[in-house]
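A.B. asks: My structure is in final_1.txt, and what it holds is compact mmCIF, C-alpha atoms:
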# COMPACT_ATOMS: atom_id res chain seq x y z
CA MET Z 158 -27.13 56.49 -43.20
CA SER Z 159 -25.12 57.90 -40.30
CA HIS Z 160 -24.85 61.66 -39.85
CA LEU Z 161 -21.52 61.26 -38.05
CA MET Z 162 -18.47 62.50 -39.93
CA ASN Z 163 -16.61 59.56 -41.39
CA THR Z 164 -13.47 59.96 -39.27
CA TYR Z 165 -13.17 56.42 -37.88
CA ALA Z 166 -13.01 52.98 -39.49
CA ARG Z 167 -15.41 51.58 -36.90
CA LEU Z 168 -15.81 47.87 -36.26
CA PRO Z 169 -19.36 46.46 -36.57
CA VAL Z 170 -20.18 46.15 -32.88
CA PHE Z 171 -22.26 48.14 -30.37
CA PHE Z 172 -21.33 47.76 -26.73
CA THR Z 173 -24.10 48.20 -24.20
CA HIS Z 174 -22.36 47.74 -20.87
CA GLY Z 175 -19.24 46.50 -19.14
CA GLU Z 176 -17.93 45.10 -15.90
CA GLY Z 177 -14.24 44.90 -15.01
CA VAL Z 178 -12.33 43.84 -18.14
CA TRP Z 179 -15.46 42.51 -19.90
CA LEU Z 180 -17.83 44.21 -22.34
CA TRP Z 181 -21.20 43.04 -23.71
CA ASP Z 182 -22.60 43.93 -27.12
CA SER Z 183 -26.20 44.58 -28.16
CA ASN Z 184 -26.67 40.84 -28.87
CA GLY Z 185 -25.51 39.83 -25.40
CA LYS Z 186 -22.13 38.53 -26.57
CA ARG Z 187 -19.28 38.95 -24.08
CA TYR Z 188 -15.82 40.29 -25.03
CA LEU Z 189 -12.51 40.26 -23.14
CA ASP Z 190 -11.20 43.82 -23.37
CA ALA Z 191 -7.40 43.77 -23.79
CA LEU Z 192 -7.32 47.35 -25.10
CA SER Z 193 -9.21 49.30 -22.37
CA GLY Z 194 -10.17 52.12 -24.70
CA ILE Z 195 -6.50 52.44 -25.77
CA ALA Z 196 -5.09 52.62 -22.23
CA VAL Z 197 -7.95 54.75 -20.89
CA ASN Z 198 -10.07 52.47 -18.67
CA THR Z 199 -7.49 52.12 -15.88
CA LEU Z 200 -10.00 50.57 -13.47
CA GLY Z 201 -11.86 48.60 -16.13
CA HIS Z 202 -15.55 49.16 -16.78
CA ALA Z 203 -18.16 50.24 -14.23
CA HIS Z 204 -15.84 50.10 -11.23
CA PRO Z 205 -18.34 50.40 -8.34
CA ARG Z 206 -16.27 52.84 -6.29
CA LEU Z 207 -15.57 55.14 -9.25
CA THR Z 208 -19.23 54.97 -10.27
CA ALA Z 209 -20.31 55.96 -6.75
CA ALA Z 210 -17.81 58.82 -6.53
CA LEU Z 211 -18.84 60.26 -9.91
CA THR Z 212 -22.52 59.87 -9.12
CA GLU Z 213 -22.09 61.72 -5.84
CA GLN Z 214 -20.12 64.52 -7.52
CA ILE Z 215 -22.68 64.90 -10.33
CA SER Z 216 -25.35 65.41 -7.70
CA LYS Z 217 -23.36 68.33 -6.27
CA LEU Z 218 -21.39 70.08 -9.01
CA ILE Z 219 -20.19 69.07 -12.48
CA HIS Z 220 -18.52 72.20 -13.71
CA VAL Z 221 -17.47 75.68 -12.70
CA SER Z 222 -15.21 77.96 -14.71
CA ASN Z 223 -11.50 78.22 -14.07
CA LEU Z 224 -12.28 81.83 -13.24
CA TYR Z 225 -12.87 80.48 -9.71
CA GLN Z 226 -11.01 78.40 -7.15
CA ILE Z 227 -11.67 74.63 -7.44
CA ASN Z 228 -10.64 72.65 -4.37
CA GLU Z 229 -10.67 69.31 -6.18
CA GLN Z 230 -8.27 70.75 -8.78
CA GLU Z 231 -5.83 71.78 -6.06
CA ALA Z 232 -5.97 68.23 -4.67
CA VAL Z 233 -5.27 66.71 -8.10
CA ALA Z 234 -2.30 69.02 -8.64
CA ASP Z 235 -0.89 68.14 -5.20
CA LYS Z 236 -1.28 64.42 -5.84
CA LEU Z 237 0.21 64.37 -9.35
CA CYS Z 238 3.14 66.55 -8.29
CA THR Z 239 3.82 64.30 -5.30
CA LEU Z 240 3.79 61.17 -7.45
CA ALA Z 241 5.98 62.74 -10.15
CA ASN Z 242 8.20 64.91 -7.93
CA MET Z 243 7.28 67.94 -10.04
CA GLN Z 244 6.04 71.42 -9.12
CA GLU Z 245 3.15 72.59 -11.32
CA VAL Z 246 0.20 71.15 -13.26
CA PHE Z 247 -2.03 72.52 -16.00
CA LEU Z 248 -5.22 70.46 -16.35
CA CYS Z 249 -7.02 69.98 -19.67
CA ASN Z 250 -9.14 67.33 -21.42
CA SER Z 251 -6.89 65.14 -23.57
CA GLY Z 252 -3.41 64.06 -24.53
CA CYS Z 253 -3.14 66.34 -27.53
CA GLU Z 254 -4.27 69.28 -25.38
CA ALA Z 255 -1.60 68.39 -22.83
CA ASN Z 256 1.04 68.19 -25.56
CA GLU Z 257 -0.21 71.43 -27.10
CA ALA Z 258 0.35 73.05 -23.69
CA ALA Z 259 3.88 71.60 -23.56
CA ILE Z 260 4.69 72.94 -27.03
CA LYS Z 261 3.40 76.41 -26.12
CA LEU Z 262 5.30 76.31 -22.85
CA ALA Z 263 8.54 75.45 -24.68
CA ARG Z 264 8.05 78.29 -27.17
CA LEU Z 265 7.34 80.78 -24.41
CA TYR Z 266 10.38 79.49 -22.51
CA GLY Z 267 12.46 80.07 -25.67
CA HIS Z 268 11.22 83.61 -26.14
CA GLN Z 269 12.05 84.32 -22.51
CA GLN Z 270 15.62 83.19 -23.36
CA GLY Z 271 15.75 85.71 -26.24
CA ILE Z 272 15.20 83.14 -29.03
CA ASP Z 273 12.83 84.54 -31.68
CA ASN Z 274 12.10 81.28 -33.54
CA PRO Z 275 12.23 78.52 -30.91
CA ALA Z 276 12.47 74.95 -32.22
CA ILE Z 277 11.67 71.62 -30.56
CA ILE Z 278 13.43 68.35 -31.36
CA VAL Z 279 10.91 65.55 -32.00
CA MET Z 280 11.29 61.91 -33.02
CA GLU Z 281 10.60 59.82 -36.09
CA LYS Z 282 7.52 57.58 -35.67
CA ALA Z 283 6.38 59.63 -32.67
CA PHE Z 284 2.70 60.35 -32.05
CA HIS Z 285 1.69 63.42 -30.05
CA GLY Z 286 -1.90 64.05 -31.22
CA ARG Z 287 -4.10 65.34 -34.02
CA THR Z 288 -4.36 69.07 -33.38
CA LEU Z 289 -2.35 71.06 -35.90
CA ALA Z 290 0.67 71.62 -33.64
CA THR Z 291 0.74 68.10 -32.21
CA LEU Z 292 0.18 66.67 -35.69
CA SER Z 293 3.22 68.64 -36.86
CA ALA Z 294 5.26 67.23 -33.98
CA THR Z 295 4.15 63.71 -34.87
CA GLY Z 296 6.55 61.64 -36.96
CA ASN Z 297 4.10 59.82 -39.17
CA ARG Z 298 3.46 61.07 -42.70
CA LYS Z 299 0.23 59.04 -42.93
CA VAL Z 300 -1.50 61.20 -40.31
CA GLN Z 301 0.02 64.45 -41.63
CA ALA Z 302 -0.78 63.98 -45.32
CA GLY Z 303 -3.36 66.41 -46.60
CA PHE Z 304 -3.08 68.82 -43.69
CA GLU Z 305 -0.12 70.85 -44.89
CA PRO Z 306 1.17 73.44 -44.29
CA LEU Z 307 2.27 72.02 -40.97
CA VAL Z 308 3.30 74.16 -38.02
CA LYS Z 309 6.97 75.14 -38.21
CA GLY Z 310 9.44 74.88 -35.38
CA PHE Z 311 10.08 71.13 -35.15
CA VAL Z 312 13.36 69.35 -35.92
CA ARG Z 313 12.91 65.61 -36.43
CA VAL Z 314 15.55 63.01 -35.58
CA PRO Z 315 15.63 59.19 -35.40
CA TYR Z 316 14.36 57.61 -32.14
CA ASP Z 317 17.07 56.38 -29.76
CA ASP Z 318 19.93 58.11 -31.66
CA LEU Z 319 22.11 60.37 -29.48
CA ASP Z 320 24.46 61.30 -32.33
CA ALA Z 321 21.52 62.85 -34.17
CA ILE Z 322 20.74 64.99 -31.10
CA HIS Z 323 24.37 66.12 -30.89
CA GLN Z 324 24.36 67.11 -34.57
CA VAL Z 325 21.24 69.23 -34.13
CA ALA Z 326 22.76 70.88 -31.06
CA GLU Z 327 25.84 71.79 -33.09
CA HIS Z 328 24.00 73.31 -36.05
CA ASN Z 329 20.68 74.66 -34.72
CA HIS Z 330 20.96 77.28 -32.00
CA ASP Z 331 17.19 77.91 -31.92
CA VAL Z 332 16.43 74.61 -30.19
CA VAL Z 333 14.77 75.07 -26.80
CA ALA Z 334 13.39 71.63 -25.97
CA VAL Z 335 13.17 67.93 -26.79
CA LEU Z 336 9.74 66.24 -26.87
CA ILE Z 337 9.87 62.45 -26.67
CA GLU Z 338 7.80 59.42 -25.61
CA PRO Z 339 9.69 57.03 -23.25
CA ILE Z 340 7.67 54.32 -25.01
CA GLN Z 341 6.30 54.99 -28.49
CA GLY Z 342 2.74 53.66 -28.38
CA GLU Z 343 1.40 54.41 -31.85
CA GLY Z 344 4.92 53.90 -33.20
CA GLY Z 345 4.80 50.19 -32.33
CA ILE Z 346 5.46 49.88 -28.54
CA ARG Z 347 9.11 50.86 -28.92
CA THR Z 348 10.87 51.38 -25.57
CA LEU Z 349 13.70 53.87 -25.09
CA ASP Z 350 17.03 52.64 -23.82
CA ILE Z 351 17.57 53.84 -20.22
CA HIS Z 352 21.08 55.04 -21.09
CA TYR Z 353 19.66 57.13 -23.96
CA LEU Z 354 17.18 58.92 -21.70
CA GLU Z 355 19.82 59.65 -19.05
CA GLN Z 356 22.22 61.00 -21.68
CA LEU Z 357 19.42 63.07 -23.19
CA ARG Z 358 18.86 64.65 -19.78
CA LYS Z 359 22.56 65.66 -19.69
CA ILE Z 360 22.42 67.13 -23.20
CA CYS Z 361 19.34 69.18 -22.33
CA ASP Z 362 21.07 70.51 -19.22
CA GLN Z 363 24.22 71.40 -21.18
CA HIS Z 364 22.20 73.47 -23.69
CA ASN Z 365 19.57 74.82 -21.29
CA TRP Z 366 16.85 72.93 -23.21
CA LEU Z 367 13.68 71.56 -21.67
CA LEU Z 368 13.33 67.78 -21.56
CA MET Z 369 9.64 67.14 -22.24
CA LEU Z 370 8.29 63.59 -21.86
CA ASP Z 371 5.03 62.53 -23.48
CA GLU Z 372 3.65 59.90 -21.08
CA VAL Z 373 0.10 60.18 -22.36
CA GLN Z 374 -0.09 56.44 -23.13
CA CYS Z 375 2.67 54.95 -20.95
CA GLY Z 376 2.09 56.97 -17.76
CA ILE Z 377 -0.18 56.43 -14.72
CA GLY Z 378 1.19 53.08 -13.63
CA ARG Z 379 0.85 51.23 -16.90
CA THR Z 380 4.51 50.22 -17.10
CA GLY Z 381 4.79 49.04 -13.50
CA LYS Z 382 6.03 52.45 -12.31
CA TRP Z 383 3.83 55.49 -11.90
CA PHE Z 384 5.65 56.98 -14.88
CA ALA Z 385 7.81 55.20 -17.46
CA HIS Z 386 10.80 57.51 -16.95
CA GLN Z 387 10.98 56.34 -13.31
CA TYR Z 388 12.87 53.30 -14.58
CA THR Z 389 15.74 55.80 -14.98
CA SER Z 390 17.33 58.27 -12.56
CA ILE Z 391 16.18 61.37 -14.45
CA LEU Z 392 13.41 63.89 -13.93
CA PRO Z 393 11.80 65.73 -16.87
CA ASP Z 394 11.21 69.48 -16.99
CA VAL Z 395 7.80 68.90 -18.57
CA MET Z 396 5.64 65.76 -18.63
CA THR Z 397 2.26 65.23 -20.29
CA LEU Z 398 -0.44 62.79 -19.15
CA ALA Z 399 -3.97 61.83 -20.22
CA LYS Z 400 -5.68 58.54 -21.17
CA GLY Z 401 -5.69 56.51 -17.93
CA VAL Z 402 -5.54 59.38 -15.47
CA GLY Z 403 -9.34 59.72 -15.25
CA SER Z 404 -10.19 56.06 -16.00
CA GLY Z 405 -12.58 57.10 -18.80
CA ILE Z 406 -13.46 60.66 -17.83
CA PRO Z 407 -11.58 63.02 -20.23
CA VAL Z 408 -8.60 64.48 -18.37
CA GLY Z 409 -5.19 65.63 -19.56
CA ALA Z 410 -2.32 67.18 -17.63
CA CYS Z 411 0.88 69.06 -18.40
CA LEU Z 412 3.30 69.02 -15.48
CA ALA Z 413 6.33 71.30 -15.07
CA ALA Z 414 9.40 71.24 -12.87
CA GLY Z 415 12.76 72.99 -12.50
CA LYS Z 416 13.45 75.68 -15.07
CA ALA Z 417 10.05 75.14 -16.73
CA THR Z 418 8.24 76.15 -13.55
CA GLY Z 419 6.53 79.53 -13.69
CA THR Z 420 6.73 79.86 -17.48
CA PHE Z 421 2.97 80.26 -17.93
CA LYS Z 422 1.34 83.35 -16.47
CA PRO Z 423 -2.39 84.23 -16.36
CA GLY Z 424 -3.67 84.64 -19.90
CA ASN Z 425 -0.94 82.55 -21.56
CA HIS Z 426 -3.03 79.39 -21.75
CA GLY Z 427 -6.36 77.93 -20.69
CA SER Z 428 -9.02 75.22 -21.08
CA THR Z 429 -12.75 75.70 -20.61
CA PHE Z 430 -13.50 72.23 -19.27
CA GLY Z 431 -10.01 71.36 -18.00
CA GLY Z 432 -9.90 70.24 -14.39
CA ASN Z 433 -13.58 70.72 -13.60
CA PRO Z 434 -14.86 69.12 -10.36
CA LEU Z 435 -16.22 65.98 -12.06
CA ALA Z 436 -12.94 65.32 -13.90
CA CYS Z 437 -10.93 65.92 -10.76
CA ILE Z 438 -13.00 63.47 -8.71
CA ALA Z 439 -12.35 60.89 -11.42
CA VAL Z 440 -8.60 61.47 -11.09
CA LEU Z 441 -8.55 61.47 -7.29
CA THR Z 442 -10.67 58.30 -7.08
CA THR Z 443 -8.63 56.53 -9.77
CA LEU Z 444 -5.34 57.31 -8.05
CA ALA Z 445 -6.69 56.39 -4.61
CA ILE Z 446 -7.91 52.98 -5.81
CA MET Z 447 -4.64 52.38 -7.61
CA GLU Z 448 -2.71 53.04 -4.42
CA GLU Z 449 -4.99 51.04 -2.12
CA ASP Z 450 -5.14 48.04 -4.47
CA GLN Z 451 -1.42 48.35 -5.37
CA LEU Z 452 -2.28 48.33 -9.06
CA VAL Z 453 1.09 49.73 -10.18
CA ALA Z 454 2.99 46.74 -8.83
CA HIS Z 455 0.16 44.52 -10.08
CA ALA Z 456 0.66 45.86 -13.63
CA ALA Z 457 4.35 44.93 -13.46
CA THR Z 458 3.58 41.40 -12.28
CA VAL Z 459 0.76 40.60 -14.70
CA GLY Z 460 2.59 42.32 -17.55
CA GLU Z 461 5.71 40.23 -16.97
CA PHE Z 462 3.59 37.05 -16.84
CA LEU Z 463 1.91 38.00 -20.12
CA GLN Z 464 5.16 38.78 -21.91
CA GLN Z 465 6.89 35.61 -20.72
CA SER Z 466 3.86 33.48 -21.60
CA LEU Z 467 3.62 35.05 -25.06
CA ARG Z 468 7.29 34.29 -25.68
CA THR Z 469 6.81 30.68 -24.59
CA ARG Z 470 3.60 30.04 -26.52
CA LEU Z 471 4.77 31.77 -29.70
CA ALA Z 472 8.36 30.49 -29.57
CA THR Z 473 7.88 28.23 -32.60
CA ALA Z 474 5.65 30.58 -34.60
CA ALA Z 475 7.71 31.69 -37.59
CA GLY Z 476 6.96 35.33 -38.27
CA VAL Z 477 6.99 36.68 -34.72
CA VAL Z 478 9.75 39.32 -34.85
CA GLU Z 479 9.71 40.52 -31.24
CA ILE Z 480 7.56 40.65 -28.10
CA ARG Z 481 8.30 43.81 -26.14
CA GLY Z 482 6.93 46.38 -23.74
CA GLN Z 483 6.84 47.15 -20.04
CA GLY Z 484 4.09 46.19 -17.60
CA LEU Z 485 0.71 46.30 -19.29
CA ILE Z 486 1.82 48.04 -22.48
CA ILE Z 487 2.83 45.18 -24.75
CA GLY Z 488 3.61 44.88 -28.45
CA ILE Z 489 3.89 41.72 -30.55
CA GLU Z 490 5.68 42.58 -33.78
CA LEU Z 491 5.01 40.29 -36.75
CA ASN Z 492 6.89 40.17 -40.02
CA ARG Z 493 3.89 41.35 -42.04
CA PRO Z 494 0.87 43.68 -41.80
CA CYS Z 495 -1.68 42.10 -39.47
CA GLY Z 496 -4.64 44.51 -39.25
CA GLU Z 497 -7.07 41.73 -40.14
CA LEU Z 498 -6.29 40.09 -36.78
CA VAL Z 499 -8.37 42.79 -35.07
CA LYS Z 500 -11.55 41.56 -36.80
CA GLN Z 501 -10.65 37.91 -36.25
CA ALA Z 502 -10.13 38.59 -32.54
CA LEU Z 503 -13.43 40.47 -32.35
CA ALA Z 504 -15.21 37.45 -33.78
CA GLN Z 505 -13.59 35.35 -31.02
CA GLY Z 506 -14.79 37.77 -28.33
CA LEU Z 507 -11.46 39.56 -27.82
CA LEU Z 508 -10.61 43.25 -28.20
CA ILE Z 509 -7.07 44.04 -29.36
CA ASN Z 510 -5.46 46.63 -31.60
CA VAL Z 511 -2.79 46.74 -34.30
CA THR Z 512 -0.46 49.71 -34.58
CA ALA Z 513 2.40 50.56 -36.95
CA ASP Z 514 0.70 48.10 -39.39
CA ASN Z 515 2.43 44.99 -37.99
CA VAL Z 516 2.45 45.30 -34.18
CA ILE Z 517 -0.36 43.78 -32.10
CA ARG Z 518 -0.93 46.18 -29.21
CA LEU Z 519 -2.19 45.02 -25.81
CA LEU Z 520 -3.24 47.63 -23.25
CA PRO Z 521 -5.51 45.85 -20.77
CA ALA Z 522 -6.95 47.61 -17.72
CA MET Z 523 -4.79 47.79 -14.62
CA VAL Z 524 -7.22 45.45 -12.84
CA PHE Z 525 -6.48 42.64 -15.32
CA THR Z 526 -5.97 39.44 -13.31
CA SER Z 527 -3.66 36.50 -14.01
CA ALA Z 528 -6.72 34.34 -14.71
CA GLU Z 529 -7.94 36.86 -17.28
CA ALA Z 530 -4.42 37.01 -18.72
CA LEU Z 531 -4.61 33.25 -19.27
CA GLN Z 532 -7.92 33.67 -21.11
CA LEU Z 533 -6.29 36.33 -23.28
CA LEU Z 534 -3.40 34.00 -24.09
CA ASP Z 535 -5.79 31.14 -24.90
CA LYS Z 536 -7.70 33.31 -27.36
CA LEU Z 537 -4.86 35.33 -28.91
CA CYS Z 538 -2.00 32.88 -29.41
CA PRO Z 539 -3.93 30.46 -31.68
CA LEU Z 540 -5.12 33.44 -33.74
CA ILE Z 541 -1.54 34.61 -34.26
CA THR Z 542 -0.26 31.12 -35.00
CA ASP Z 543 -3.01 30.43 -37.55
CA PHE Z 544 -2.55 33.86 -39.16
CA LEU Z 545 1.19 33.35 -39.61
CA ALA Z 546 0.71 29.77 -40.87
CA GLN Z 547 -1.74 30.98 -43.53
CA GLY Z 548 0.79 33.49 -44.85
CA ALA Z 549 3.75 31.08 -44.83
Can the structure from this file be put into structure tokens for me?
C.D. replies:
Amino acid sequence: MSHLMNTYARLPVFFTHGEGVWLWDSNGKRYLDALSGIAVNTLGHAHPRLTAALTEQISKLIHVSNLYQINEQEAVADKLCTLANMQEVFLCNSGCEANEAAIKLARLYGHQQGIDNPAIIVMEKAFHGRTLATLSATGNRKVQAGFEPLVKGFVRVPYDDLDAIHQVAEHNHDVVAVLIEPIQGEGGIRTLDIHYLEQLRKICDQHNWLLMLDEVQCGIGRTGKWFAHQYTSILPDVMTLAKGVGSGIPVGACLAAGKATGTFKPGNHGSTFGGNPLACIAVLTTLAIMEEDQLVAHAATVGEFLQQSLRTRLATAAGVVEIRGQGLIIGIELNRPCGELVKQALAQGLLINVTADNVIRLLPAMVFTSAEALQLLDKLCPLITDFLAQGA
């Protein structure tokens, strides 16, 4: 009997080690990892350069308190701000911590505008985390049920619906910000229309709201740009990152620009482990390798090949609703719940995920090659075809 709290429906497999996009279990069986820890293992498993950098840092210094100056943290802030064209960074440990920081920043920004009960517009089917505030901002009743009362101060609207934003602006004068994912990951790999995001930027400017983008899953090169919103002409006031930024070492970040800059003062927010030297070396090494190996452009190329190949191979499979995504964040929507495909794929030596009940989610590491993409297609497409044929 396990003494772990029963918080995960774990699959019956123990992984012992990995290399690149491959994992091996305790029986020596090899698996093609098309999930990369849900978009975390940017460089795959056991990247030799990352391993060496972390090993060297561990031998010198793992952690010091944020009571002191940390040179590596300054370097991470400089690098992320340069890539994102933003001004400030708060470093933490996870995506929900980054989003929690964004929510607190928006509330403080509202109070500084003289608004006593600041509200944030959030989206249906969004996912921002599992802390109480981020859970409240999330638009999924399944993950909220049982945890009421939720945190107040969120106004929920349909995704990709500008009229709904205009209606809130007309009737709710306590709104101070909009929090939105450019691509909804947990919501089924749903990508925002570029026009919507550009118009949303204008609406936020008109009302002096903060535009806050949750790029926890879609950021750090995964879409083929450093950040998903860079497919548009807009800049956010606040952007949150996590998952792939440390390639497996827990790191989250909340970036600020423009009118959001300078909102936090000493004592307003903090994180014990956030941005410690080990985490920062993971970020700096990950970003350096990504730049030197041109992994952002690589993600766009391999992602496009995967999507086009999926469309070709599944063209005659009745029950495939849509294949969508950007770069190496890909969703295959079926016309029925398909969670059992995860176990079937595992048995075939393939790691995938299903989200929103009926969307197969692929989030391979950024080092995924075209040859490995072909192996993924050879394993996955017959599974989907057989699954749909059985339910016909």
A.B. asks: Please identify all polymer residues within 6 Å of region 407-410 of chain Z, counting only C-alpha atoms, omitting same-chain residues fewer than 4 positions from it, and present them as a list in words.
C.D. replies: Phe247, Leu248, Cys249, Asn250, Ser251, Gly252, Ala255, Thr397, Leu398, Ala399 and Gly403 of chain Z
A.B. asks: Calculate how many Å separate CA of Leu537 (chain Z) from CA of Gln505 (chain Z), rounding to one decimal.
C.D. replies: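 Spanning CA of Leu537 (chain Z) to CA of Gln505 (chain Z) is a straight-line distance of 9.0 Å.
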A.B. asks: Using all atoms listed in the file, which of Z:Leu534, Z:Ile486, Z:Ala385, Z:Leu168 sits nearest Thr469 (chain Z)?
C.D. replies: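 Between Z:Leu534, Z:Ile486, Z:Ala385, Z:Leu168, the residue approaching Thr469 (chain Z) most closely is Z:Leu534.
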A.B. asks: Sorted by chain and rising residue number, list the residues of region 222-302 of chain Z at most 6 Å from region 331-341 of chain Z (counting only C-alpha atoms), each with its closest atom pair and distance in Å to one decimal, as JSON lines.
C.D. replies:
{"residue": "Z:Gly267", "atom": "CA", "partner": "Z:Val333", "partner_atom": "CA", "distance": 5.6}
{"residue": "Z:Pro275", "atom": "CA", "partner": "Z:Asp331", "partner_atom": "CA", "distance": 5.1}
{"residue": "Z:Ala276", "atom": "CA", "partner": "Z:Val332", "partner_atom": "CA", "distance": 4.5}
{"residue": "Z:Ile277", "atom": "CA", "partner": "Z:Ala334", "partner_atom": "CA", "distance": 4.9}
{"residue": "Z:Ile278", "atom": "CA", "partner": "Z:Val335", "partner_atom": "CA", "distance": 4.6}
{"residue": "Z:Val279", "atom": "CA", "partner": "Z:Leu336", "partner_atom": "CA", "distance": 5.3}
A.B. asks: Near His328 (chain Z), within 12 Å and counting all atoms listed in the file, which residues show up once chain neighbours fewer than 6 positions away are dropped, as a PDB file with C-alpha atoms, keeping the file's coordinate frame?
C.D. replies:
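Printed below is around-v6.pdb as written:
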ATOM      1  CA  VAL Z 312      13.360  69.350 -35.920  1.00  0.00           C
ATOM      2  CA  ALA Z 321      21.520  62.850 -34.170  1.00  0.00           C
ATOM      3  CA  ILE Z 322      20.740  64.990 -31.100  1.00  0.00           C
TER       4      ILE Z 322
END
A.B. asks: Considering all atoms listed in the file, state which residue in the set Z:Phe544, Z:Trp383, Z:Phe284, Z:Tyr388 is at the smallest distance from Leu240 (chain Z).
C.D. replies: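 Of all the options, Z:Trp383 lies closest to Leu240 (chain Z).
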A.B. asks: Around (-10.3, 44.3, -13.4) in the file's frame, which residues reach within 8 Å when counting only C-alpha atoms? Return as a list in words?
C.D. replies: Gly177, Val178, Leu200, Gly201, His202, Ala522, Met523, Val524, Phe525 and Thr526 of chain Z
A.B. asks: Just region 264-318 of chain Z, please, as a PDB file, in the first residue's frame (only C-alpha atoms).
C.D. replies:
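Saved result, out-v5.pdb, follows:
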ATOM      1  CA  ARG Z 264      -5.323  43.346  -7.857  1.00  0.00           C
ATOM      2  CA  LEU Z 265      -2.598  45.625  -6.527  1.00  0.00           C
ATOM      3  CA  TYR Z 266      -2.643  47.545  -9.821  1.00  0.00           C
ATOM      4  CA  GLY Z 267      -6.423  47.962  -9.393  1.00  0.00           C
ATOM      5  CA  HIS Z 268      -6.132  49.244  -5.854  1.00  0.00           C
ATOM      6  CA  GLN Z 269      -3.518  51.728  -7.024  1.00  0.00           C
ATOM      7  CA  GLN Z 270      -6.164  52.959  -9.509  1.00  0.00           C
ATOM      8  CA  GLY Z 271      -8.644  53.485  -6.646  1.00  0.00           C
ATOM      9  CA  ILE Z 272     -10.709  50.336  -7.339  1.00  0.00           C
ATOM     10  CA  ASP Z 273     -11.666  48.617  -4.069  1.00  0.00           C
ATOM     11  CA  ASN Z 274     -12.855  45.291  -5.521  1.00  0.00           C
ATOM     12  CA  PRO Z 275     -10.728  44.679  -8.624  1.00  0.00           C
ATOM     13  CA  ALA Z 276     -11.976  42.004 -11.035  1.00  0.00           C
ATOM     14  CA  ILE Z 277     -10.163  40.027 -13.735  1.00  0.00           C
ATOM     15  CA  ILE Z 278     -11.806  38.736 -16.911  1.00  0.00           C
ATOM     16  CA  VAL Z 279     -11.008  35.041 -17.477  1.00  0.00           C
ATOM     17  CA  MET Z 280     -12.093  32.531 -20.114  1.00  0.00           C
ATOM     18  CA  GLU Z 281     -14.317  29.481 -20.265  1.00  0.00           C
ATOM     19  CA  LYS Z 282     -12.310  26.223 -20.465  1.00  0.00           C
ATOM     20  CA  ALA Z 283      -9.156  28.029 -19.333  1.00  0.00           C
ATOM     21  CA  PHE Z 284      -6.651  26.363 -17.011  1.00  0.00           C
ATOM     22  CA  HIS Z 285      -4.409  28.499 -14.816  1.00  0.00           C
ATOM     23  CA  GLY Z 286      -3.454  26.102 -11.992  1.00  0.00           C
ATOM     24  CA  ARG Z 287      -4.628  24.357  -8.841  1.00  0.00           C
ATOM     25  CA  THR Z 288      -3.922  26.848  -6.058  1.00  0.00           C
ATOM     26  CA  LEU Z 289      -7.116  28.400  -4.743  1.00  0.00           C
ATOM     27  CA  ALA Z 290      -6.840  31.639  -6.725  1.00  0.00           C
ATOM     28  CA  THR Z 291      -5.689  30.007  -9.969  1.00  0.00           C
ATOM     29  CA  LEU Z 292      -8.325  27.299  -9.540  1.00  0.00           C
ATOM     30  CA  SER Z 293     -10.940  30.052  -9.261  1.00  0.00           C
ATOM     31  CA  ALA Z 294      -9.619  31.656 -12.449  1.00  0.00           C
ATOM     32  CA  THR Z 295      -9.794  28.303 -14.235  1.00  0.00           C
ATOM     33  CA  GLY Z 296     -12.857  27.674 -16.387  1.00  0.00           C
ATOM     34  CA  ASN Z 297     -13.410  24.012 -15.685  1.00  0.00           C
ATOM     35  CA  ARG Z 298     -16.031  22.954 -13.149  1.00  0.00           C
ATOM     36  CA  LYS Z 299     -14.500  19.466 -12.882  1.00  0.00           C
ATOM     37  CA  VAL Z 300     -11.347  20.806 -11.209  1.00  0.00           C
ATOM     38  CA  GLN Z 301     -13.260  23.339  -9.080  1.00  0.00           C
ATOM     39  CA  ALA Z 302     -15.945  21.004  -7.723  1.00  0.00           C
ATOM     40  CA  GLY Z 303     -15.612  20.372  -4.014  1.00  0.00           C
ATOM     41  CA  PHE Z 304     -13.297  23.289  -3.339  1.00  0.00           C
ATOM     42  CA  GLU Z 305     -15.893  26.026  -2.963  1.00  0.00           C
ATOM     43  CA  PRO Z 306     -16.071  28.768  -1.882  1.00  0.00           C
ATOM     44  CA  LEU Z 307     -13.875  29.927  -4.717  1.00  0.00           C
ATOM     45  CA  VAL Z 308     -11.932  33.172  -4.668  1.00  0.00           C
ATOM     46  CA  LYS Z 309     -14.057  36.101  -5.832  1.00  0.00           C
ATOM     47  CA  GLY Z 310     -13.006  38.700  -8.352  1.00  0.00           C
ATOM     48  CA  PHE Z 311     -13.174  36.799 -11.645  1.00  0.00           C
ATOM     49  CA  VAL Z 312     -15.604  37.460 -14.509  1.00  0.00           C
ATOM     50  CA  ARG Z 313     -15.815  34.560 -16.955  1.00  0.00           C
ATOM     51  CA  VAL Z 314     -16.536  34.950 -20.669  1.00  0.00           C
ATOM     52  CA  PRO Z 315     -16.451  32.619 -23.706  1.00  0.00           C
ATOM     53  CA  TYR Z 316     -13.031  32.121 -25.367  1.00  0.00           C
ATOM     54  CA  ASP Z 317     -12.491  34.057 -28.606  1.00  0.00           C
ATOM     55  CA  ASP Z 318     -15.615  36.240 -28.157  1.00  0.00           C
TER      56      ASP Z 318
END
